[in-house]
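The structure file final_33.cif is reproduced below (mmCIF, C-alpha atoms).
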data_upload
#
loop_
_atom_site.label_atom_id
_atom_site.label_comp_id
_atom_site.auth_asym_id
_atom_site.auth_seq_id
_atom_site.Cartn_x
_atom_site.Cartn_y
_atom_site.Cartn_z
CA MET A 103 -26.73 21.11 25.74
CA LEU A 104 -25.93 24.78 25.57
CA GLN A 105 -28.60 27.36 25.14
CA ARG A 106 -27.91 31.08 25.12
CA GLY A 107 -30.14 33.47 23.34
CA TYR A 108 -30.16 32.56 19.66
CA LEU A 109 -27.15 30.23 19.93
CA TYR A 110 -28.16 26.65 20.47
CA CYS A 111 -25.76 23.81 19.76
CA SER A 112 -25.68 20.17 20.88
CA ASN A 113 -22.36 18.48 21.65
CA ALA A 114 -22.72 16.27 18.55
CA ALA A 115 -23.39 19.27 16.31
CA LEU A 116 -20.43 21.11 17.80
CA MET A 117 -18.16 18.11 17.17
CA ARG A 118 -19.36 17.87 13.54
CA TYR A 119 -18.71 21.58 13.07
CA LEU A 120 -15.19 21.34 14.52
CA LEU A 121 -14.44 18.27 12.37
CA PHE A 122 -15.66 20.15 9.30
CA ILE A 123 -13.39 23.11 10.10
CA ALA A 124 -10.44 20.78 10.68
CA ILE A 125 -11.00 19.05 7.34
CA ILE A 126 -11.20 22.36 5.49
CA PHE A 127 -7.97 23.74 6.95
CA ILE A 128 -5.85 20.67 7.65
CA PHE A 129 -6.69 18.08 4.99
CA PRO A 130 -6.04 20.16 1.86
CA SER A 131 -2.65 21.30 3.08
CA SER A 132 -1.61 17.80 4.16
CA SER A 133 -2.71 16.20 0.88
CA ARG A 134 -0.68 18.69 -1.14
CA GLY A 135 2.40 17.69 0.86
CA GLN A 136 2.20 14.03 -0.18
CA SER A 137 4.47 13.07 -3.02
CA ILE A 138 6.09 10.11 -4.67
CA ASP A 139 9.33 11.10 -2.90
CA LYS A 140 7.87 9.61 0.30
CA LEU A 141 8.00 6.22 -1.40
CA ASP A 142 11.78 6.56 -1.75
CA LYS A 143 12.08 7.75 1.86
CA ALA A 144 10.14 4.67 3.03
CA ASN A 145 12.69 2.50 1.17
CA GLY A 146 10.44 -0.55 1.33
CA PHE A 147 7.44 -1.31 3.52
CA LYS A 148 7.38 -0.87 7.30
CA GLU A 149 10.26 -2.91 8.76
CA PHE A 150 11.08 -4.43 5.37
CA LYS A 151 13.76 -1.99 4.20
CA PHE A 152 15.60 -2.57 0.93
CA GLY A 153 19.22 -3.50 1.42
CA LYS A 154 18.64 -5.42 4.67
CA THR A 155 19.93 -8.98 4.57
CA LYS A 156 17.95 -12.21 5.04
CA GLU A 157 19.52 -12.64 8.46
CA ARG A 158 17.41 -9.70 9.67
CA TRP A 159 14.39 -12.04 9.52
CA ASP A 160 16.20 -15.21 10.60
CA GLY A 161 13.66 -17.81 11.71
CA GLU A 162 10.76 -15.89 10.13
CA LEU A 163 11.30 -16.90 6.49
CA LYS A 164 10.18 -20.02 4.66
CA ALA A 165 11.99 -20.63 1.35
CA LEU A 166 9.79 -21.24 -1.69
CA LYS A 167 10.65 -23.08 -4.91
CA ASN A 168 10.56 -19.86 -6.99
CA GLY A 169 13.39 -18.27 -5.00
CA ALA A 170 11.13 -16.04 -2.91
CA TYR A 171 10.52 -16.37 0.84
CA ARG A 172 7.27 -16.35 2.74
CA TYR A 173 7.46 -14.14 5.83
CA THR A 174 5.99 -16.05 8.78
CA GLY A 175 6.55 -13.43 11.48
CA LYS A 176 3.84 -11.39 13.14
CA ASN A 177 5.15 -7.82 12.87
CA ALA A 178 3.26 -6.48 9.83
CA LEU A 179 -0.46 -7.11 10.22
CA ALA A 180 -2.02 -4.37 8.07
CA ALA A 181 -1.25 -2.44 4.91
CA PHE A 182 -3.01 0.90 4.46
CA GLY A 183 -5.86 -0.19 6.73
CA SER A 184 -6.43 -3.66 5.24
CA SER A 185 -5.43 -6.90 6.93
CA ILE A 186 -2.42 -8.60 5.40
CA HIS A 187 -3.04 -12.16 4.26
CA LYS A 188 0.54 -13.08 3.25
CA ILE A 189 3.92 -11.41 2.79
CA TYR A 190 6.60 -12.62 0.40
CA LEU A 191 10.15 -11.29 0.21
CA LYS A 192 12.73 -11.46 -2.58
CA PHE A 193 16.44 -10.93 -2.17
CA ASP A 194 19.05 -10.02 -4.78
CA THR A 195 22.17 -12.11 -5.52
CA ALA A 196 24.00 -10.41 -2.63
CA GLY A 197 21.24 -11.55 -0.24
CA GLN A 198 19.78 -8.05 0.24
CA LEU A 199 16.05 -7.36 0.26
CA SER A 200 14.86 -6.18 -3.15
CA GLY A 201 11.11 -6.88 -3.15
CA VAL A 202 8.19 -7.00 -0.70
CA TYR A 203 4.96 -8.58 -1.96
CA ILE A 204 1.88 -8.18 0.22
CA SER A 205 -1.42 -9.97 -0.28
CA VAL A 206 -4.65 -8.42 1.06
CA GLN A 207 -8.15 -9.84 0.67
CA GLY A 208 -11.75 -8.81 0.81
CA LEU A 209 -11.90 -5.40 -0.85
CA ILE A 210 -15.54 -4.83 -1.75
CA GLY A 211 -15.81 -4.59 -5.53
CA LYS A 212 -14.08 -2.17 -7.87
CA SER A 213 -15.14 0.74 -5.68
CA GLY A 214 -13.38 -0.89 -2.71
CA VAL A 215 -10.17 -1.15 -4.75
CA LYS A 216 -10.47 2.46 -5.88
CA ASN A 217 -10.95 3.57 -2.27
CA TYR A 218 -7.90 1.51 -1.26
CA LYS A 219 -5.92 3.25 -4.02
CA ARG A 220 -7.03 6.62 -2.63
CA ILE A 221 -5.70 5.66 0.80
CA ILE A 222 -2.33 4.74 -0.72
CA SER A 223 -2.39 8.05 -2.64
CA LEU A 224 -2.69 9.90 0.67
CA ALA A 225 0.69 8.44 1.60
CA TYR A 226 2.52 8.62 -1.75
CA GLY A 227 0.63 11.05 -3.96
CA LYS A 228 -1.25 10.36 -7.16
CA GLU A 229 -0.35 7.21 -9.05
CA ASN A 230 1.79 7.57 -12.18
CA LYS A 231 -0.27 5.16 -14.27
CA GLU A 232 -3.41 3.04 -14.07
CA GLU A 233 -4.85 0.14 -16.06
CA GLU A 234 -8.49 -0.82 -15.80
CA LYS A 235 -10.27 -3.94 -17.05
CA ASP A 236 -13.65 -5.38 -16.11
CA ASP A 237 -12.13 -7.87 -13.70
CA ALA A 238 -8.79 -6.23 -12.82
CA LEU A 239 -7.33 -2.86 -11.77
CA THR A 240 -3.64 -1.99 -11.61
CA TYR A 241 -2.08 1.22 -10.27
CA TYR A 242 1.60 2.23 -10.45
CA TRP A 243 3.68 4.59 -8.33
CA HIS A 244 7.24 4.94 -9.66
CA ALA A 245 9.83 6.81 -7.62
CA SER A 246 13.56 6.78 -8.33
CA LYS A 247 14.51 4.05 -5.78
CA VAL A 248 11.19 2.29 -5.10
CA ASN A 249 8.33 1.14 -7.31
CA LEU A 250 4.90 0.32 -5.90
CA VAL A 251 2.28 -1.54 -7.89
CA LEU A 252 -1.23 -2.29 -6.66
CA TYR A 253 -2.62 -5.29 -8.57
CA SER A 254 -6.25 -6.22 -7.92
CA TRP A 255 -8.68 -8.70 -9.40
CA ALA A 256 -12.23 -9.95 -8.97
CA ALA A 257 -12.53 -12.92 -6.60
CA GLY A 258 -16.25 -13.61 -6.54
CA SER A 259 -18.17 -10.82 -4.84
CA THR A 260 -15.00 -9.31 -3.35
CA TRP A 261 -11.67 -8.32 -4.83
CA ASP A 262 -8.22 -9.44 -3.76
CA ALA A 263 -5.10 -7.34 -4.17
CA GLU A 264 -1.33 -7.45 -3.99
CA LEU A 265 1.03 -4.61 -3.24
CA HIS A 266 4.47 -5.00 -4.81
CA PHE A 267 7.20 -2.79 -3.34
CA THR A 268 10.37 -3.33 -5.38
CA ASN A 269 13.64 -1.64 -6.14
CA PRO A 270 14.14 -0.80 -9.86
CA GLU A 271 16.24 -3.92 -10.56
CA GLN A 272 13.68 -6.25 -9.01
CA TYR A 273 10.85 -4.41 -10.81
CA ALA A 274 12.62 -5.01 -14.16
CA ALA A 275 13.23 -8.68 -13.30
CA ASP A 276 9.56 -9.16 -12.30
CA ASN A 277 8.39 -7.58 -15.57
CA LYS A 278 10.78 -9.76 -17.58
CA GLN A 279 9.54 -12.86 -15.75
CA ALA A 280 5.87 -11.87 -16.28
CA ALA A 281 6.49 -11.26 -20.00
CA GLY A 282 7.96 -14.76 -20.29
CA LYS A 283 4.85 -16.33 -18.76
CA GLU A 284 2.40 -14.74 -21.19
#
Can the structure in the file be given as structure tokens, please?
Amino acid sequence: MLQRGYLYCSNAALMRYLLFIAIIFIFPSSSRGQSIDKLDKANGFKEFKFGKTKERWDGELKALKNGAYRYTGKNALAAFGSSIHKIYLKFDTAGQLSGVYISVQGLIGKSGVKNYKRIISLAYGKENKEEEKDDALTYYWHASKVNLVLYSWAAGSTWDAELHFTNPEQYAADNKQAAGKE
């Protein structure tokens, strides 16, 4: 501990003060710099870049009856701080990646989902649209090349969620398919 005249400060208090100063000066400027354009620059999710062919993940894909593939590899373990439960990939007719669907579990209530959305917003800016129901929340980020949708729903005392990263063609096909199921 330091003690000089009227200035007395413990190491913990000094660290809190420095963190406070850093938040005031760094966080506001970094949050203003986030925009939906970063979604287009990401061009997918982590190693799953749109336009890559199935061969890129040879041996790590399990074909499903609906035309999608379950990713069985071990490279992507977390999405925005939450553990990934499952990853599904869709490919267009040319065999190029067009959709990445990520399942996460165990968000604590609606507030947990809203906090998760805030974390995503730090990366891609404010969502373009949101839909809220008692047992479901949906948030949309639409860029020109990539769409991101966060779907979440009540699963007992926790909430589960899916992140859908799609190119515009896949997004339209998913919406058409969903409209046919209702």
>> Using the chain letters and numbers from this file, what does the PyMOL selection byres ((chain A and resi 206) around 6) select? Give the answer as a PyMOL selection string.
In response: chain A and resi 186-187+205+207+263
Using C-alpha atoms, can you export the residues from the last selection as a compact mmCIF listing (two decimals), keeping the file's coordinate frame?
# COMPACT_ATOMS: atom_id res chain seq x y z
CA ILE A 186 -2.42 -8.60 5.40
CA HIS A 187 -3.04 -12.16 4.26
CA SER A 205 -1.42 -9.97 -0.28
CA GLN A 207 -8.15 -9.84 0.67
CA ALA A 263 -5.10 -7.34 -4.17
> Expanded to explicit residues, what is the PyMOL selection byres ((chain A and resi 216) around 12) for this file, as a ChimeraX atom specification?
Replying inline: /A:209-215,217-223,229,232-234,238-241,252-255,261,263
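The interatomic distance for the pair CA of Lys148 (chain A) and CA of Lys167 (chain A) works out to 25.6 Å.
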>> Could you check which residues have any atom within 8 Å of (12.3, -18.2, 9.3), counting all atoms listed in the file with coordinates taken straight from the file, and then list them as an MDAnalysis selection string?
In response: chainID A and resid 159:164 173:175
Taking C-alpha atoms for each residue, export the selection above as a PDB file, keeping the file's coordinate frame.
ATOM      1  CA  TRP A 159      14.390 -12.040   9.520  1.00  0.00           C
ATOM      2  CA  ASP A 160      16.200 -15.210  10.600  1.00  0.00           C
ATOM      3  CA  GLY A 161      13.660 -17.810  11.710  1.00  0.00           C
ATOM      4  CA  GLU A 162      10.760 -15.890  10.130  1.00  0.00           C
ATOM      5  CA  LEU A 163      11.300 -16.900   6.490  1.00  0.00           C
ATOM      6  CA  LYS A 164      10.180 -20.020   4.660  1.00  0.00           C
ATOM      7  CA  TYR A 173       7.460 -14.140   5.830  1.00  0.00           C
ATOM      8  CA  THR A 174       5.990 -16.050   8.780  1.00  0.00           C
ATOM      9  CA  GLY A 175       6.550 -13.430  11.480  1.00  0.00           C
TER      10      GLY A 175
END
>> I'd like to see the residues matched by the PyMOL selection byres ((chain A and resi 271) around 12) on this file, and ideally I'd get them as a list in words.
In response: Phe152, Lys192, Phe193, Asp194, Thr195, Leu199, Ser200, Gly201, Ser246, Lys247, Val248, Asn249, Phe267, Thr268, Asn269, Pro270, Gln272, Tyr273, Ala274, Ala275, Asp276, Asn277 and Lys278 of chain A
Please determine an axis-aligned box that encloses all atoms of region 211-219 of chain A listed in the file, with 6 Å added on each side, and express its centre and edge lengths in Å to one decimal as lines of an AutoDock Vina configuration file.
center_x = -10.9
center_y = -0.5
center_z = -4.6
size_x = 21.9
size_y = 20.2
size_z = 18.6
> Distance CA of Asn145 (chain A)-CA of Gln279 (chain A), one decimal place?
Replying inline: 23.1 Å
>> Would you compute the distance between CA of Gly227 (chain A) and CA of Asp142 (chain A)? Give it in Å to one decimal.
In response: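 Distance between the two atoms: 12.2 Å.
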>> List as a ChimeraX atom specification the protein and nucleic acid residues near Lys228 (chain A), meaning an atom at most 12 Å away when only C-alpha atoms are counted, but skip any in the same chain fewer than 3 places from it.
In response: /A:133-141,219-225,231-232,241-245,250
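If only C-alpha atoms are the atoms counted, then among A:Lys151, A:Lys176, A:Ser184, A:Glu264 the closest residue to Ile204 (chain A) is A:Glu264.
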